[in-house]
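Shown next: final_39.pdb, given as PDB, C-alpha atoms.
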MODEL        1
ATOM      1  CA  MET A   1     -69.063 -65.528  30.293
ATOM      2  CA  ALA A   2     -66.670 -66.762  32.881
ATOM      3  CA  ASP A   3     -64.368 -67.779  30.101
ATOM      4  CA  HIS A   4     -64.564 -64.270  28.604
ATOM      5  CA  MET A   5     -63.718 -62.620  31.870
ATOM      6  CA  ALA A   6     -60.837 -64.998  32.336
ATOM      7  CA  LEU A   7     -59.383 -63.953  29.021
ATOM      8  CA  GLU A   8     -59.498 -60.298  30.067
ATOM      9  CA  ASP A   9     -57.803 -61.151  33.367
ATOM     10  CA  GLN A  10     -55.056 -62.970  31.477
ATOM     11  CA  GLY A  11     -54.152 -59.892  29.402
ATOM     12  CA  GLY A  12     -56.336 -60.381  26.367
ATOM     13  CA  PRO A  13     -57.221 -57.552  23.988
ATOM     14  CA  ALA A  14     -58.989 -54.644  25.625
ATOM     15  CA  PRO A  15     -61.610 -52.559  23.935
ATOM     16  CA  SER A  16     -60.033 -49.957  21.589
ATOM     17  CA  GLN A  17     -59.725 -46.378  22.861
ATOM     18  CA  PRO A  18     -59.918 -43.223  20.690
ATOM     19  CA  THR A  19     -56.479 -41.975  19.575
ATOM     20  CA  PRO A  20     -55.783 -38.391  20.658
ATOM     21  CA  THR A  21     -55.310 -35.969  17.779
ATOM     22  CA  ALA A  22     -51.613 -34.842  17.396
ATOM     23  CA  THR A  23     -51.120 -31.080  17.792
ATOM     24  CA  HIS A  24     -48.206 -29.396  15.845
ATOM     25  CA  VAL A  25     -46.395 -26.868  17.998
ATOM     26  CA  ALA A  26     -44.270 -24.342  16.022
ATOM     27  CA  PRO A  27     -40.730 -23.886  17.390
ATOM     28  CA  ALA A  28     -40.154 -20.617  19.158
ATOM     29  CA  ARG A  29     -38.540 -17.996  16.918
ATOM     30  CA  ARG A  30     -34.982 -17.273  17.894
ATOM     31  CA  ARG A  31     -34.386 -13.601  18.491
ATOM     32  CA  LEU A  32     -31.260 -12.024  17.003
ATOM     33  CA  ASP A  33     -28.650 -11.324  19.642
ATOM     34  CA  TRP A  34     -27.721  -7.809  18.622
ATOM     35  CA  LYS A  35     -25.307  -7.355  21.514
ATOM     36  CA  GLY A  36     -23.504 -10.568  20.601
ATOM     37  CA  GLU A  37     -23.310  -9.620  16.930
ATOM     38  CA  LEU A  38     -21.942  -6.168  17.730
ATOM     39  CA  ARG A  39     -19.464  -7.649  20.169
ATOM     40  CA  GLY A  40     -18.187 -10.072  17.523
ATOM     41  CA  LEU A  41     -17.944  -7.273  14.947
ATOM     42  CA  PHE A  42     -16.021  -5.132  17.427
ATOM     43  CA  TRP A  43     -13.432  -7.847  18.087
ATOM     44  CA  LEU A  44     -13.086  -8.591  14.373
ATOM     45  CA  LEU A  45     -12.499  -4.891  13.649
ATOM     46  CA  LEU A  46      -9.986  -4.709  16.490
ATOM     47  CA  VAL A  47      -8.031  -7.690  15.124
ATOM     48  CA  VAL A  48      -7.992  -6.238  11.582
ATOM     49  CA  LEU A  49      -6.874  -2.790  12.779
ATOM     50  CA  GLY A  50      -4.257  -4.361  15.038
ATOM     51  CA  PHE A  51      -2.861  -6.356  12.113
ATOM     52  CA  HIS A  52      -2.830  -3.227   9.902
ATOM     53  CA  SER A  53      -1.159  -1.189  12.649
ATOM     54  CA  PHE A  54       1.572  -3.559  13.797
ATOM     55  CA  ILE A  55       2.104  -6.315  11.206
ATOM     56  CA  ALA A  56       1.300  -5.364   7.584
ATOM     57  CA  LYS A  57      -1.125  -3.378   5.473
ATOM     58  CA  PRO A  58      -2.033  -3.038   1.790
ATOM     59  CA  PHE A  59      -0.938   0.000  -0.206
ATOM     60  CA  TYR A  60      -2.097   1.369  -3.552
ATOM     61  CA  ILE A  61       0.302   3.119  -5.948
ATOM     62  CA  PRO A  62      -1.361   6.447  -6.865
ATOM     63  CA  SER A  63       1.379   8.108  -8.959
ATOM     64  CA  GLU A  64       4.228   7.453 -11.403
ATOM     65  CA  SER A  65       6.996   8.611  -9.056
ATOM     66  CA  MET A  66       8.445   5.076  -8.782
ATOM     67  CA  LEU A  67       8.533   4.116 -12.459
ATOM     68  CA  PRO A  68       9.752   1.863 -13.967
ATOM     69  CA  GLY A  69       9.431  -0.588 -11.061
ATOM     70  CA  LEU A  70       6.034   0.494  -9.746
ATOM     71  CA  ARG A  71       3.053   1.566 -11.839
ATOM     72  CA  VAL A  72      -0.203   3.305 -10.989
ATOM     73  CA  GLY A  73      -2.652   0.574 -10.048
ATOM     74  CA  ASP A  74      -0.146  -1.726  -8.336
ATOM     75  CA  ARG A  75      -1.255  -3.110  -4.971
ATOM     76  CA  LEU A  76       1.493  -3.827  -2.446
ATOM     77  CA  VAL A  77       2.043  -5.366   0.958
ATOM     78  CA  VAL A  78       3.841  -3.079   3.419
ATOM     79  CA  SER A  79       5.406  -4.568   6.559
ATOM     80  CA  LYS A  80       4.748  -2.285   9.535
ATOM     81  CA  PHE A  81       7.237  -3.932  11.918
ATOM     82  CA  ALA A  82      10.354  -3.668   9.718
ATOM     83  CA  TYR A  83      11.711  -0.553  11.483
ATOM     84  CA  GLY A  84       9.747  -0.660  14.727
ATOM     85  CA  TRP A  85       6.680   1.487  15.431
ATOM     86  CA  SER A  86       6.101   5.229  15.675
ATOM     87  CA  PHE A  87       3.200   7.672  15.728
ATOM     88  CA  VAL A  88       2.449   6.961  12.033
ATOM     89  CA  SER A  89       2.058   3.199  12.577
ATOM     90  CA  PRO A  90      -1.483   2.839  14.041
ATOM     91  CA  THR A  91      -4.396   2.566  11.627
ATOM     92  CA  ILE A  92      -7.349   4.418  13.184
ATOM     93  CA  PRO A  93     -10.408   4.783  10.903
ATOM     94  CA  ASN A  94     -12.085   8.168  10.542
ATOM     95  CA  PRO A  95     -15.860   7.631   9.974
ATOM     96  CA  VAL A  96     -16.380  11.302   9.105
ATOM     97  CA  ALA A  97     -13.816  11.146   6.282
ATOM     98  CA  MET A  98     -15.373   7.915   4.996
ATOM     99  CA  PHE A  99     -18.858   9.487   4.965
ATOM    100  CA  ARG A 100     -17.661  12.598   3.151
ATOM    101  CA  ASP A 101     -15.738  10.574   0.570
ATOM    102  CA  ILE A 102     -18.332   7.865  -0.135
ATOM    103  CA  VAL A 103     -21.662   9.625   0.463
ATOM    104  CA  LEU A 104     -20.955  13.315  -0.123
ATOM    105  CA  ARG A 105     -18.422  12.667  -2.928
ATOM    106  CA  GLN A 106     -15.911  14.999  -1.290
ATOM    107  CA  PRO A 107     -12.438  13.479  -1.878
ATOM    108  CA  GLN A 108     -10.505  13.067   1.375
ATOM    109  CA  GLU A 109      -6.754  12.920   1.869
ATOM    110  CA  THR A 110      -7.108   9.742   3.947
ATOM    111  CA  TRP A 111      -9.687   7.642   5.786
ATOM    112  CA  SER A 112      -7.613   7.415   8.957
ATOM    113  CA  VAL A 113      -6.876   9.603  11.956
ATOM    114  CA  GLN A 114      -3.303  10.753  12.532
ATOM    115  CA  LEU A 115      -1.929  10.541  16.071
ATOM    116  CA  PRO A 116      -0.007  13.530  17.485
ATOM    117  CA  ALA A 117       3.638  13.405  16.455
ATOM    118  CA  TRP A 118       6.334  12.305  18.860
ATOM    119  CA  HIS A 119      10.049  11.671  18.419
ATOM    120  CA  GLY A 120      11.586   8.220  18.239
ATOM    121  CA  ARG A 121      10.404   4.691  17.510
ATOM    122  CA  LEU A 122       9.497   1.703  19.657
ATOM    123  CA  TRP A 123      12.077  -1.071  19.016
ATOM    124  CA  GLY A 124      13.239   1.108  16.135
ATOM    125  CA  SER A 125      15.897   0.519  13.510
ATOM    126  CA  LEU A 126      16.988   2.553  10.521
ATOM    127  CA  PRO A 127      16.050   1.469   6.987
ATOM    128  CA  GLU A 128      18.774   0.024   4.780
ATOM    129  CA  ARG A 129      20.062   1.993   1.852
ATOM    130  CA  GLY A 130      17.920   1.059  -1.157
ATOM    131  CA  ASP A 131      14.771   0.060   0.774
ATOM    132  CA  VAL A 132      11.424   1.122  -0.703
ATOM    133  CA  VAL A 133       9.455   2.719   2.125
ATOM    134  CA  ILE A 134       6.122   4.333   2.915
ATOM    135  CA  VAL A 135       6.486   7.826   4.378
ATOM    136  CA  LYS A 136       4.188  10.517   5.749
ATOM    137  CA  PRO A 137       5.526  13.989   4.900
ATOM    138  CA  PRO A 138       5.882  16.252   7.945
ATOM    139  CA  GLY A 139       2.516  17.879   8.723
ATOM    140  CA  SER A 140       0.614  15.588   6.333
ATOM    141  CA  ASN A 141      -1.515  12.467   6.719
ATOM    142  CA  THR A 142      -0.897  11.204   3.171
ATOM    143  CA  ASP A 143       1.285   8.151   2.549
ATOM    144  CA  LEU A 144       3.934   8.440  -0.177
ATOM    145  CA  ILE A 145       6.285   5.756  -1.462
ATOM    146  CA  LYS A 146       9.984   6.476  -2.085
ATOM    147  CA  ARG A 147      13.410   4.846  -1.971
ATOM    148  CA  VAL A 148      15.992   5.347   0.787
ATOM    149  CA  ILE A 149      19.129   6.851  -0.787
ATOM    150  CA  GLY A 150      20.905   8.686   2.049
ATOM    151  CA  LEU A 151      21.445   7.699   5.692
ATOM    152  CA  PRO A 152      22.408   9.755   8.771
ATOM    153  CA  GLY A 153      25.850  11.311   8.463
ATOM    154  CA  ASP A 154      25.993  11.044   4.659
ATOM    155  CA  ARG A 155      27.016  14.060   2.653
ATOM    156  CA  LEU A 156      24.618  13.984  -0.297
ATOM    157  CA  GLU A 157      24.204  16.102  -3.403
ATOM    158  CA  VAL A 158      22.774  15.768  -6.903
ATOM    159  CA  ALA A 159      24.567  17.271  -9.896
ATOM    160  CA  GLY A 160      23.466  16.812 -13.488
ATOM    161  CA  GLY A 161      21.125  13.992 -12.474
ATOM    162  CA  VAL A 162      23.941  12.044 -10.767
ATOM    163  CA  VAL A 163      23.659  11.389  -7.022
ATOM    164  CA  TYR A 164      26.836  11.810  -4.957
ATOM    165  CA  ILE A 165      27.157  10.264  -1.502
ATOM    166  CA  ASN A 166      30.203  11.341   0.486
ATOM    167  CA  ASP A 167      31.617  12.826  -2.727
ATOM    168  CA  VAL A 168      31.380   9.501  -4.593
ATOM    169  CA  ALA A 169      28.949   9.237  -7.520
ATOM    170  CA  ILE A 170      26.414   6.425  -7.417
ATOM    171  CA  PRO A 171      27.366   4.346 -10.493
ATOM    172  CA  ARG A 172      24.766   4.454 -13.285
ATOM    173  CA  LYS A 173      24.492   2.159 -16.265
ATOM    174  CA  ALA A 174      22.256   2.830 -19.285
ATOM    175  CA  MET A 175      19.894  -0.120 -19.733
ATOM    176  CA  GLY A 176      18.108   1.004 -22.883
ATOM    177  CA  ASP A 177      14.472   2.012 -23.060
ATOM    178  CA  ALA A 178      11.574   0.620 -21.060
ATOM    179  CA  MET A 179       8.439   0.043 -23.159
ATOM    180  CA  ILE A 180       5.662   0.570 -20.620
ATOM    181  CA  PRO A 181       2.181  -0.346 -21.938
ATOM    182  CA  VAL A 182      -0.233   2.578 -22.053
ATOM    183  CA  ASP A 183      -3.610   1.995 -20.393
ATOM    184  CA  ALA A 184      -6.166   3.855 -18.281
ATOM    185  CA  ASN A 185      -3.681   4.078 -15.392
ATOM    186  CA  THR A 186      -0.581   4.758 -17.527
ATOM    187  CA  LYS A 187      -1.350   7.586 -19.930
ATOM    188  CA  CYS A 188       2.129   8.723 -21.036
ATOM    189  CA  ASP A 189       1.154  12.384 -20.617
ATOM    190  CA  PRO A 190       2.850  14.422 -23.413
ATOM    191  CA  ASP A 191       3.440  17.284 -20.970
ATOM    192  CA  GLN A 192       5.510  15.009 -18.743
ATOM    193  CA  TYR A 193       6.985  12.748 -21.423
ATOM    194  CA  PRO A 194       7.067  14.677 -24.702
ATOM    195  CA  GLY A 195       7.696  12.376 -27.656
ATOM    196  CA  ALA A 196       7.689   9.216 -25.514
ATOM    197  CA  LEU A 197       4.379   7.807 -26.801
ATOM    198  CA  VAL A 198       4.983   5.024 -29.332
ATOM    199  CA  ARG A 199       2.265   3.165 -31.239
ATOM    200  CA  THR A 200       2.936  -0.319 -32.591
ATOM    201  CA  ASP A 201       0.861  -3.192 -33.903
ATOM    202  CA  LYS A 202       0.884  -4.526 -30.333
ATOM    203  CA  GLY A 203      -0.568  -1.325 -28.882
ATOM    204  CA  ALA A 204       0.612   1.974 -27.425
ATOM    205  CA  PHE A 205       3.712   2.205 -25.227
ATOM    206  CA  CYS A 206       5.546   4.860 -23.246
ATOM    207  CA  ARG A 207       9.222   4.599 -24.191
ATOM    208  CA  LEU A 208      11.400   5.856 -21.336
ATOM    209  CA  PRO A 209      15.193   5.610 -20.843
ATOM    210  CA  VAL A 210      16.299   3.420 -17.942
ATOM    211  CA  TYR A 211      19.471   3.790 -15.846
ATOM    212  CA  ARG A 212      20.492   1.171 -13.298
ATOM    213  CA  GLU A 213      22.064   2.503 -10.106
ATOM    214  CA  THR A 214      24.274   0.443  -7.790
ATOM    215  CA  LEU A 215      24.581   1.588  -4.191
ATOM    216  CA  SER A 216      27.620   1.108  -1.962
ATOM    217  CA  ASN A 217      25.988  -1.942  -0.337
ATOM    218  CA  GLY A 218      25.621  -3.576  -3.772
ATOM    219  CA  ARG A 219      21.877  -3.054  -4.072
ATOM    220  CA  GLN A 220      20.652  -2.285  -7.598
ATOM    221  CA  TYR A 221      17.467  -0.772  -8.963
ATOM    222  CA  ASP A 222      16.298   0.916 -12.180
ATOM    223  CA  THR A 223      15.488   4.599 -12.530
ATOM    224  CA  ILE A 224      13.941   6.776 -15.225
ATOM    225  CA  ASP A 225      15.877   9.864 -16.332
ATOM    226  CA  PHE A 226      13.940  11.227 -19.290
ATOM    227  CA  ARG A 227      15.157  14.802 -19.585
ATOM    228  CA  TYR A 228      16.565  17.710 -17.614
ATOM    229  CA  SER A 229      14.405  18.680 -14.640
ATOM    230  CA  GLN A 230      14.657  20.866 -11.575
ATOM    231  CA  GLY A 231      15.561  17.869  -9.407
ATOM    232  CA  ASP A 232      18.684  17.099 -11.427
ATOM    233  CA  ASN A 233      20.624  19.475  -9.179
ATOM    234  CA  PHE A 234      20.468  19.587  -5.391
ATOM    235  CA  PRO A 235      23.074  21.339  -3.191
ATOM    236  CA  ALA A 236      25.220  19.242  -0.870
ATOM    237  CA  ILE A 237      23.866  18.630   2.628
ATOM    238  CA  VAL A 238      24.814  16.416   5.563
ATOM    239  CA  ILE A 239      21.911  14.221   6.619
ATOM    240  CA  PRO A 240      21.123  14.712  10.339
ATOM    241  CA  ALA A 241      20.936  11.918  12.894
ATOM    242  CA  ASN A 242      17.773   9.780  12.728
ATOM    243  CA  HIS A 243      16.870  11.154   9.291
ATOM    244  CA  VAL A 244      16.874   9.600   5.822
ATOM    245  CA  PHE A 245      17.026  11.111   2.344
ATOM    246  CA  LEU A 246      14.329   9.720   0.033
ATOM    247  CA  MET A 247      14.021   9.858  -3.760
ATOM    248  CA  GLY A 248      11.613   8.483  -6.315
ATOM    249  CA  ASP A 249      12.956   6.201  -9.057
ATOM    250  CA  ASN A 250      11.262   8.385 -11.690
ATOM    251  CA  ARG A 251      13.771  11.157 -11.164
ATOM    252  CA  ASP A 252      12.018  13.746 -13.357
ATOM    253  CA  ASN A 253       8.557  13.232 -11.842
ATOM    254  CA  SER A 254       8.938  12.702  -8.115
ATOM    255  CA  ALA A 255       8.298  15.189  -5.301
ATOM    256  CA  ASP A 256      10.760  13.855  -2.728
ATOM    257  CA  SER A 257      13.547  15.045  -0.399
ATOM    258  CA  ARG A 258      14.977  17.234  -3.181
ATOM    259  CA  PHE A 259      11.946  19.527  -3.045
ATOM    260  CA  SER A 260      10.502  21.849  -0.408
ATOM    261  CA  GLU A 261       7.156  21.278   1.274
ATOM    262  CA  ALA A 262       5.828  24.296  -0.650
ATOM    263  CA  GLU A 263       6.637  22.328  -3.817
ATOM    264  CA  ARG A 264       4.717  19.338  -2.378
ATOM    265  CA  GLY A 265       8.023  17.624  -1.630
ATOM    266  CA  LEU A 266       9.400  16.195   1.608
ATOM    267  CA  GLY A 267      11.389  19.292   2.500
ATOM    268  CA  GLY A 268      14.786  17.590   2.731
ATOM    269  CA  PRO A 269      15.776  14.596   4.864
ATOM    270  CA  VAL A 270      12.819  13.014   6.678
ATOM    271  CA  PRO A 271      12.742  12.059  10.393
ATOM    272  CA  TRP A 272      12.818   8.279  10.762
ATOM    273  CA  GLU A 273       9.607   8.324  12.827
ATOM    274  CA  ASN A 274       7.744   9.435   9.673
ATOM    275  CA  ILE A 275       8.579   6.123   7.971
ATOM    276  CA  GLY A 276       5.472   3.927   8.088
ATOM    277  CA  GLY A 277       6.908   0.641   6.817
ATOM    278  CA  ARG A 278       8.802  -1.220   4.107
ATOM    279  CA  ALA A 279       7.242  -2.224   0.778
ATOM    280  CA  GLU A 280       7.676  -5.988   0.336
ATOM    281  CA  PHE A 281       5.980  -7.256  -2.852
ATOM    282  CA  ILE A 282       3.186  -6.607  -5.358
ATOM    283  CA  THR A 283      -0.003  -8.574  -4.690
ATOM    284  CA  PHE A 284      -1.788  -7.653  -7.940
ATOM    285  CA  SER A 285      -2.099  -4.796 -10.420
ATOM    286  CA  LEU A 286      -5.066  -3.181 -12.224
ATOM    287  CA  ASP A 287      -5.018  -1.203 -15.469
ATOM    288  CA  GLY A 288      -7.824   1.170 -14.417
ATOM    289  CA  THR A 289     -10.662  -0.265 -16.541
ATOM    290  CA  THR A 290     -12.709  -1.790 -13.712
ATOM    291  CA  SER A 291     -16.379  -0.834 -13.466
ATOM    292  CA  LEU A 292     -19.536  -2.164 -11.797
ATOM    293  CA  ASN A 293     -19.616  -4.884 -14.438
ATOM    294  CA  PRO A 294     -18.081  -7.995 -12.773
ATOM    295  CA  MET A 295     -16.600  -9.089 -16.118
ATOM    296  CA  THR A 296     -14.200  -6.121 -15.968
ATOM    297  CA  TRP A 297     -12.854  -7.274 -12.612
ATOM    298  CA  PHE A 298     -10.867 -10.003 -14.353
ATOM    299  CA  SER A 299     -10.012  -8.332 -17.655
ATOM    300  CA  SER A 300      -8.442  -5.355 -15.834
ATOM    301  CA  PHE A 301      -5.743  -7.473 -14.146
ATOM    302  CA  ARG A 302      -2.238  -6.838 -15.471
ATOM    303  CA  SER A 303      -0.410 -10.079 -16.071
ATOM    304  CA  GLY A 304       3.054 -10.800 -14.747
ATOM    305  CA  ARG A 305       3.072  -8.351 -11.841
ATOM    306  CA  ALA A 306       1.631 -10.338  -8.933
ATOM    307  CA  GLY A 307       4.316 -11.588  -6.577
ATOM    308  CA  THR A 308       7.044  -9.192  -7.790
ATOM    309  CA  SER A 309       9.482  -8.563  -4.933
ATOM    310  CA  LEU A 310      10.326  -4.954  -4.073
ATOM    311  CA  VAL A 311      13.516  -5.857  -2.215
ATOM    312  CA  PRO A 312      16.404  -4.591  -4.414
ATOM    313  CA  ALA A 313      18.613  -7.184  -6.023
ATOM    314  CA  THR A 314      22.254  -7.224  -4.939
ATOM    315  CA  GLY A 315      25.023  -6.968  -7.504
ATOM    316  CA  ASP A 316      28.640  -5.900  -7.488
ATOM    317  CA  ALA A 317      29.205  -2.299  -6.399
ATOM    318  CA  GLN A 318      31.149  -0.514  -9.084
TER     319      GLN A 318
ENDMDL
END
Output the file's structure as structure tokens, nothing else.
Amino acid sequence: MADHMALEDQGGPAPSQPTPTATHVAPARRRLDWKGELRGLFWLLLVVLGFHSFIAKPFYIPSESMLPGLRVGDRLVVSKFAYGWSFVSPTIPNPVAMFRDIVLRQPQETWSVQLPAWHGRLWGSLPERGDVVIVKPPGSNTDLIKRVIGLPGDRLEVAGGVVYINDVAIPRKAMGDAMIPVDANTKCDPDQYPGALVRTDKGAFCRLPVYRETLSNGRQYDTIDFRYSQGDNFPAIVIPANHVFLMGDNRDNSADSRFSEAERGLGGPVPWENIGGRAEFITFSLDGTTSLNPMTWFSSFRSGRAGTSLVPATGDAQ
């Protein structure tokens, strides 16, 4: 017995003890930090709106006024800083307009709020002759896209479809016919283009005559002059200071500076503060066949248009 006790004193094995049963404790559920989420969403929205307002924004071509270069369904990038900033620069969303458009199915002119107009631009500069620009017509909140033809001090008139600047005709060169594919976004309306629809074994096309104009600074671009129209004649005017004269490249189907506001035009030369930015390049283009079916999202892409620059090429002034 003494020997047994000695073994215990020397650290020998002790009688086994019952092992306590392990208890699983579930981790505490993490509560969603709504304030943090809303704060992050607010800053993200602020960054996006700031970028749209001061750097660049996307633009969708809604009409055929800039054919042949731009087609309905083209998506562009517009630089907002090219000419400085004015009252048309900020992008301020209008939740009421969004709700009416999306939920109530009441088409809205725009989803943004227009700031009160003021004269001048911050760090402003005039566009160059030939630039493609985004413009808000006076008293409207709708963006249009046109080309800068006349600058302050120019004497400009249109006679027989030919544009004269300071009594010198802008040179025009016939380039043949453009064969523009007909699709859901390009319909070749017979009322606008009588006899232009052509059907071939490769599909339907809108055949329109193209004339290349060369400005005094050497910039060149193509225009459509299909037939006689009201805009083929415009009386001579002198463009006021800080104004520009804008025209669409589709000369027979463009409501621009040649037409009054009552005719849905720009009402003559436009104040430079109404210019919202310069069109830079096409990001992608859709033919109008997209639907809720994801397969149509790829088949509706027009090939060969992504990346097309909208800065006019420079040639020799004639």
Practice item. Run the PyMOL selection byres ((chain A and resi 46-50) around 12) on the file and write out the hits as a PyMOL selection string. Key: chain A and resi 39-45+51-58+80-81+89-93+112
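Coordinates place atom CA of A:Pro138 at a distance of 10.8 Å from atom CA of A:Arg264.
Comparing the minimum interatomic distances between A:Ala306 and each of A:Ala82, A:Leu38, A:Leu76, A:Ala196, counting all atoms listed in the file, we find that A:Leu76 sits nearest.
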Practice item. Would you kindly return, as a list in words, each protein, DNA or RNA residue with an atom no farther than 8 Å from any atom of A:Ser86, considering all atoms listed in the file and excluding same-chain residues fewer than 5 positions away? Key: Trp118, Gly120, Arg121, Leu122, Glu273, Asn274 and Gly276 of chain A
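Atom CA of A:Asn242 lies 6.0 Å from atom CA of A:Pro271.
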Review point. Contacts of A:Pro62 at 10 Å or less, counting all atoms listed in the file, minus same-chain residues fewer than 6 places along, as a PyMOL selection string?
Key: chain A and resi 70-75+143-145+185
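Applied to the shown file, the PyMOL selection byres ((chain A and resi 215-220) around 8) selects the residues Arg129, Gly130, Ile170, Pro171, Arg212, Glu213, Thr214, Tyr221, Asp222, Pro312, Ala313, Thr314, Gly315, Asp316 and Ala317 of chain A.
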Check your understanding: Any idea what's packed within 8 Å of A:Lys146, counting all atoms listed in the file, ignoring anything in its chain fewer than 6 positions away? Could you give it as a PyMOL selection string?
Key -> chain A and resi 65-66+132-135+246-249+256
